[in-house]
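Have a look at final23.tsv; it's TSV, C-alpha atoms:
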chain	number	residue	atom	x	y	z
H	1	MET	CA	151.47	99.96	146.74
H	2	GLU	CA	152.46	102.64	144.25
H	3	THR	CA	149.73	104.34	142.27
H	4	ASN	CA	150.41	104.17	138.57
H	5	ILE	CA	148.62	106.48	136.15
H	6	MET	CA	147.36	103.38	134.33
H	7	ASP	CA	145.63	102.24	137.55
H	8	ILE	CA	143.53	105.39	137.79
H	9	GLU	CA	140.00	105.03	136.50
H	10	LEU	CA	137.95	108.06	135.53
H	11	THR	CA	134.20	108.12	135.30
H	12	VAL	CA	132.66	111.02	133.43
H	13	LYS	CA	128.97	111.79	133.65
H	14	ILE	CA	127.39	114.49	131.53
H	15	LYS	CA	124.01	115.78	132.61
H	16	HIS	CA	121.97	118.35	130.79
H	17	ARG	CA	119.52	121.03	131.86
H	18	LEU	CA	117.52	120.92	128.63
H	19	LYS	CA	114.05	120.85	130.19
H	20	ILE	CA	114.93	123.58	132.71
H	21	LEU	CA	116.22	125.89	130.00
H	22	MET	CA	113.25	125.10	127.77
H	23	ALA	CA	110.91	126.14	130.59
H	24	GLU	CA	112.90	129.32	131.22
H	25	VAL	CA	112.50	130.46	127.60
H	26	GLY	CA	108.92	129.22	127.23
H	27	CYS	CA	109.67	126.44	124.78
H	28	ARG	CA	106.97	123.85	125.42
H	29	SER	CA	108.08	120.84	123.37
H	30	ILE	CA	111.00	119.07	121.78
H	31	ALA	CA	109.26	119.49	118.43
H	32	THR	CA	109.21	123.28	118.90
H	33	LEU	CA	112.86	123.28	119.97
H	34	SER	CA	113.67	121.27	116.86
H	35	SER	CA	111.92	123.71	114.54
H	36	GLU	CA	113.52	126.71	116.28
H	37	THR	CA	117.08	125.34	116.21
H	38	GLY	CA	117.13	123.13	113.13
H	39	ILE	CA	118.31	120.18	115.22
H	40	HIS	CA	116.61	116.94	114.18
H	41	VAL	CA	113.80	116.02	116.56
H	42	ASN	CA	115.20	112.49	117.08
H	43	THR	CA	118.53	113.96	118.19
H	44	LEU	CA	116.76	116.12	120.77
H	45	TYR	CA	114.58	113.24	122.00
H	46	ALA	CA	117.70	111.08	122.44
H	47	LEU	CA	119.36	113.90	124.37
H	48	GLU	CA	116.28	114.44	126.53
H	49	LYS	CA	116.05	110.75	127.41
H	50	GLU	CA	119.83	110.51	127.77
H	51	THR	CA	119.92	107.48	125.49
H	52	ARG	CA	122.59	109.15	123.41
H	53	MET	CA	124.84	112.08	124.19
H	54	ASN	CA	126.86	112.41	121.02
H	55	LEU	CA	125.85	115.88	119.87
H	56	SER	CA	127.85	117.57	117.18
H	57	LEU	CA	129.57	120.82	118.06
H	58	GLU	CA	127.24	122.51	115.60
H	59	ASN	CA	124.19	121.27	117.52
H	60	VAL	CA	125.71	122.27	120.86
H	61	ALA	CA	126.34	125.74	119.43
H	62	LYS	CA	122.74	125.95	118.22
H	63	LEU	CA	121.44	125.08	121.69
H	64	LEU	CA	123.75	127.60	123.37
H	65	TRP	CA	122.60	130.28	120.91
H	66	PHE	CA	118.92	129.42	121.32
H	67	PHE	CA	119.04	129.44	125.12
H	68	ASP	CA	121.55	132.32	125.20
H	69	CYS	CA	123.58	130.44	127.79
H	70	SER	CA	127.06	129.11	128.45
H	71	PHE	CA	128.13	125.50	128.05
H	72	GLU	CA	128.16	125.11	131.85
H	73	GLU	CA	124.57	126.33	132.06
H	74	LEU	CA	123.43	123.67	129.58
H	75	PHE	CA	125.67	120.76	130.60
H	76	GLN	CA	127.06	119.65	133.93
H	77	ILE	CA	130.12	117.43	133.82
H	78	GLU	CA	130.91	115.24	136.82
H	79	VAL	CA	134.29	113.51	136.93
H	80	ALA	CA	135.00	110.82	139.50
H	81	SER	CA	138.29	109.04	140.02
H	82	ASN	CA	139.62	106.20	142.10
H	83	GLU	CA	142.78	108.22	142.62
H	84	PRO	CA	143.50	108.62	146.32
H	85	SER	CA	143.29	112.30	147.06
H	86	HIS	CA	142.00	112.33	150.59
H	87	TYR	CA	143.74	111.85	153.89
H	88	ASP	CA	141.62	108.80	154.73
H	89	ASP	CA	143.00	106.98	151.69
H	90	LEU	CA	146.60	107.22	152.91
H	91	ALA	CA	148.37	104.31	154.57
H	92	ASP	CA	148.51	104.39	158.37
H	93	ASP	CA	152.27	105.02	158.57
H	94	VAL	CA	151.95	107.99	156.22
H	95	LYS	CA	149.16	109.42	158.39
H	96	GLU	CA	151.38	108.97	161.43
H	97	ALA	CA	154.31	110.70	159.70
H	98	ILE	CA	152.06	113.62	158.77
H	99	SER	CA	150.68	113.95	162.30
H	100	GLU	CA	154.21	113.93	163.74
H	101	GLY	CA	155.34	116.58	161.28
H	102	GLU	CA	157.97	114.40	159.65
H	103	LYS	CA	159.53	115.77	156.49
H	104	GLU	CA	160.37	112.35	155.07
H	105	PHE	CA	157.67	109.81	154.50
H	106	PRO	CA	157.80	106.03	154.21
H	107	LYS	CA	158.91	104.48	150.94
H	108	GLU	CA	156.71	105.23	147.94
H	109	ASP	CA	155.43	101.67	147.69
H	110	ASN	CA	153.68	102.16	151.04
H	111	LEU	CA	151.87	105.45	150.43
H	112	ILE	CA	148.44	104.05	149.72
H	113	SER	CA	146.60	101.56	151.88
H	114	ALA	CA	145.54	98.42	150.06
Any chance you could put this one into C-alpha coordinates?
Amino acid sequence: METNIMDIELTVKIKHRLKILMAEVGCRSIATLSSETGIHVNTLYALEKETRMNLSLENVAKLLWFFDCSFEELFQIEVASNEPSHYDDLADDVKEAISEGEKEFPKEDNLISA
(Lines of atoms letter the chains of each structure in order from A and count residues from 1; the text may use other names and numbers.)
(Lines give C-alpha, C1' and ligand atoms only; values in the text may rest on other atoms or scores of the structure.)
Protein backbone atom coordinates (compact mmCIF):
# COMPACT_ATOMS: atom_id res chain seq x y z
CA MET A 1 0.00 0.00 0.00
CA GLU A 2 1.53 3.29 -1.09
CA THR A 3 1.35 6.22 1.28
CA ASN A 4 -0.16 9.25 -0.38
CA ILE A 5 0.27 12.71 1.11
CA MET A 6 -3.53 12.99 1.23
CA ASP A 7 -3.65 9.92 3.51
CA ILE A 8 -1.46 11.52 6.15
CA GLU A 9 -3.34 12.99 9.08
CA LEU A 10 -1.75 15.58 11.33
CA THR A 11 -2.89 16.36 14.83
CA VAL A 12 -1.64 19.59 16.33
CA LYS A 13 -1.96 20.33 20.02
CA ILE A 14 -1.01 23.68 21.46
CA LYS A 15 -0.43 23.86 25.19
CA HIS A 16 0.41 26.97 27.12
CA ARG A 17 2.44 27.69 30.23
CA LEU A 18 0.40 30.72 31.24
CA LYS A 19 0.00 29.85 34.92
CA ILE A 20 3.66 28.85 35.28
CA LEU A 21 4.87 32.11 33.77
CA MET A 22 2.38 34.09 35.83
CA ALA A 23 3.78 32.50 39.00
CA GLU A 24 7.36 33.18 37.89
CA VAL A 25 6.69 36.93 37.51
CA GLY A 26 4.42 37.18 40.57
CA CYS A 27 1.22 37.86 38.67
CA ARG A 28 -1.52 36.46 40.91
CA SER A 29 -4.64 36.64 38.74
CA ILE A 30 -5.99 36.73 35.22
CA ALA A 31 -7.55 40.10 36.06
CA THR A 32 -4.12 41.50 36.95
CA LEU A 33 -2.60 40.04 33.79
CA SER A 34 -5.41 41.65 31.81
CA SER A 35 -4.81 45.08 33.30
CA GLU A 36 -1.03 44.78 32.83
CA THR A 37 -1.20 43.66 29.18
CA GLY A 38 -4.38 45.26 27.90
CA ILE A 39 -5.68 41.86 26.78
CA HIS A 40 -9.40 41.46 27.49
CA VAL A 41 -10.00 39.38 30.61
CA ASN A 42 -12.40 37.04 28.76
CA THR A 43 -9.70 36.28 26.18
CA LEU A 44 -7.27 35.34 28.95
CA TYR A 45 -9.85 33.23 30.79
CA ALA A 46 -10.61 31.36 27.56
CA LEU A 47 -6.88 30.78 27.04
CA GLU A 48 -6.40 29.63 30.62
CA LYS A 49 -9.27 27.13 30.37
CA GLU A 50 -8.22 26.15 26.85
CA THR A 51 -11.76 26.66 25.59
CA ARG A 52 -10.43 28.86 22.82
CA MET A 53 -6.93 29.26 21.46
CA ASN A 54 -7.40 31.86 18.77
CA LEU A 55 -5.21 34.66 20.08
CA SER A 56 -4.31 37.51 17.79
CA LEU A 57 -0.66 38.05 17.01
CA GLU A 58 -0.92 41.33 18.88
CA ASN A 59 -2.06 39.52 22.04
CA VAL A 60 0.65 36.89 21.69
CA ALA A 61 3.21 39.69 21.36
CA LYS A 62 1.82 41.37 24.49
CA LEU A 63 2.17 38.14 26.48
CA LEU A 64 5.72 37.55 25.22
CA TRP A 65 6.64 41.13 26.15
CA PHE A 66 5.00 40.91 29.59
CA PHE A 67 6.66 37.61 30.48
CA ASP A 68 9.90 38.55 28.67
CA CYS A 69 9.97 35.11 27.09
CA SER A 70 10.13 33.38 23.73
CA PHE A 71 7.18 31.85 21.93
CA GLU A 72 8.46 28.37 22.83
CA GLU A 73 8.55 29.30 26.51
CA LEU A 74 4.88 30.34 26.42
CA PHE A 75 3.48 27.74 24.02
CA GLN A 76 4.34 24.12 23.39
CA ILE A 77 3.28 22.69 20.04
CA GLU A 78 2.90 18.94 19.68
CA VAL A 79 2.45 17.52 16.19
CA ALA A 80 1.45 13.90 15.69
CA SER A 81 1.10 12.12 12.38
CA ASN A 82 -0.07 8.75 11.15
CA GLU A 83 2.80 8.81 8.68
CA PRO A 84 4.92 5.69 9.06
CA SER A 85 8.33 6.83 10.16
CA HIS A 86 9.48 3.98 12.32
CA TYR A 87 10.97 0.64 11.46
CA ASP A 88 8.09 -1.23 13.11
CA ASP A 89 5.65 0.33 10.65
CA LEU A 90 7.42 -1.15 7.62
CA ALA A 91 6.14 -4.24 5.84
CA ASP A 92 7.87 -7.51 6.73
CA ASP A 93 9.58 -7.94 3.35
CA VAL A 94 11.04 -4.43 3.59
CA LYS A 95 12.38 -5.22 7.08
CA GLU A 96 13.93 -8.39 5.70
CA ALA A 97 15.53 -6.50 2.80
CA ILE A 98 16.98 -3.97 5.23
CA SER A 99 18.36 -6.66 7.54
CA GLU A 100 19.98 -8.44 4.59
CA GLY A 101 21.54 -5.21 3.36
CA GLU A 102 19.75 -5.23 0.03
CA LYS A 103 20.03 -2.07 -2.02
CA GLU A 104 16.75 -2.60 -3.84
CA PHE A 105 13.54 -2.92 -1.93
CA PRO A 106 10.22 -4.50 -2.85
CA LYS A 107 7.82 -2.57 -5.06
CA GLU A 108 6.55 0.71 -3.63
CA ASP A 109 3.02 -0.59 -3.17
CA ASN A 110 4.35 -3.00 -0.52
CA LEU A 111 6.39 -0.63 1.64
CA ILE A 112 3.88 -0.17 4.43
CA SER A 113 2.13 -2.96 6.27
CA ALA A 114 -1.64 -2.73 6.20
Among listed residues H:Leu74, H:Asn59, H:Phe66, H:Ala80, nearest H:Leu33 (using only C-alpha atoms):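 Of H:Leu74, H:Asn59, H:Phe66, H:Ala80, the one nearest H:Leu33 is H:Phe66, counting only C-alpha atoms.
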List the neighbours of stretch 36-53 of chain H out to 8 Å using only C-alpha atoms; skip same-chain residues closer than 2 positions along the sequence, and give me the result as a list in words. Leu18, Lys19, Ile30, Ala31, Thr32, Leu33, Ser34, Leu55, Asn59, Lys62, Leu63 and Phe66 of chain H
Two-atom distance - atom CA of H:Val60, atom CA of H:Phe75 (Å):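 Distance between the two atoms: 9.9 Å.
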Which residue gives the smallest distance to H:Ile14 among H:Ala61, H:Glu96, H:Phe67, H:Asn54, with all atoms listed in the file counted? H:Asn54
What does the distance between atom CA of H:Gln76 and atom CA of H:Lys15 come to in Å, to one decimal place? 5.1 Å
Using atom CA of H:Glu24 and atom CA of H:Glu72 as the two end points, give the distance in Å to one decimal.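 Taking atom CA of H:Glu24 as the start and atom CA of H:Glu72 as the end point, the length is 15.8 Å.
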Long-range neighbours of H:Glu73 as a list in words, 9 Å cut-off, all atoms listed in the file, 3 positions minimum in chain: His16, Arg17, Leu21, Leu64, Cys69, Ser70 and Gln76 of chain H
Padding 5 Å on every side, please: axis-aligned box over the listed atoms of stretch 69-82 of chain H, centre and edge lengths to one decimal in Å, as JSON.
{"center_x": 131.5, "center_y": 118.3, "center_z": 134.9, "size_x": 26.2, "size_y": 34.2, "size_z": 24.3}
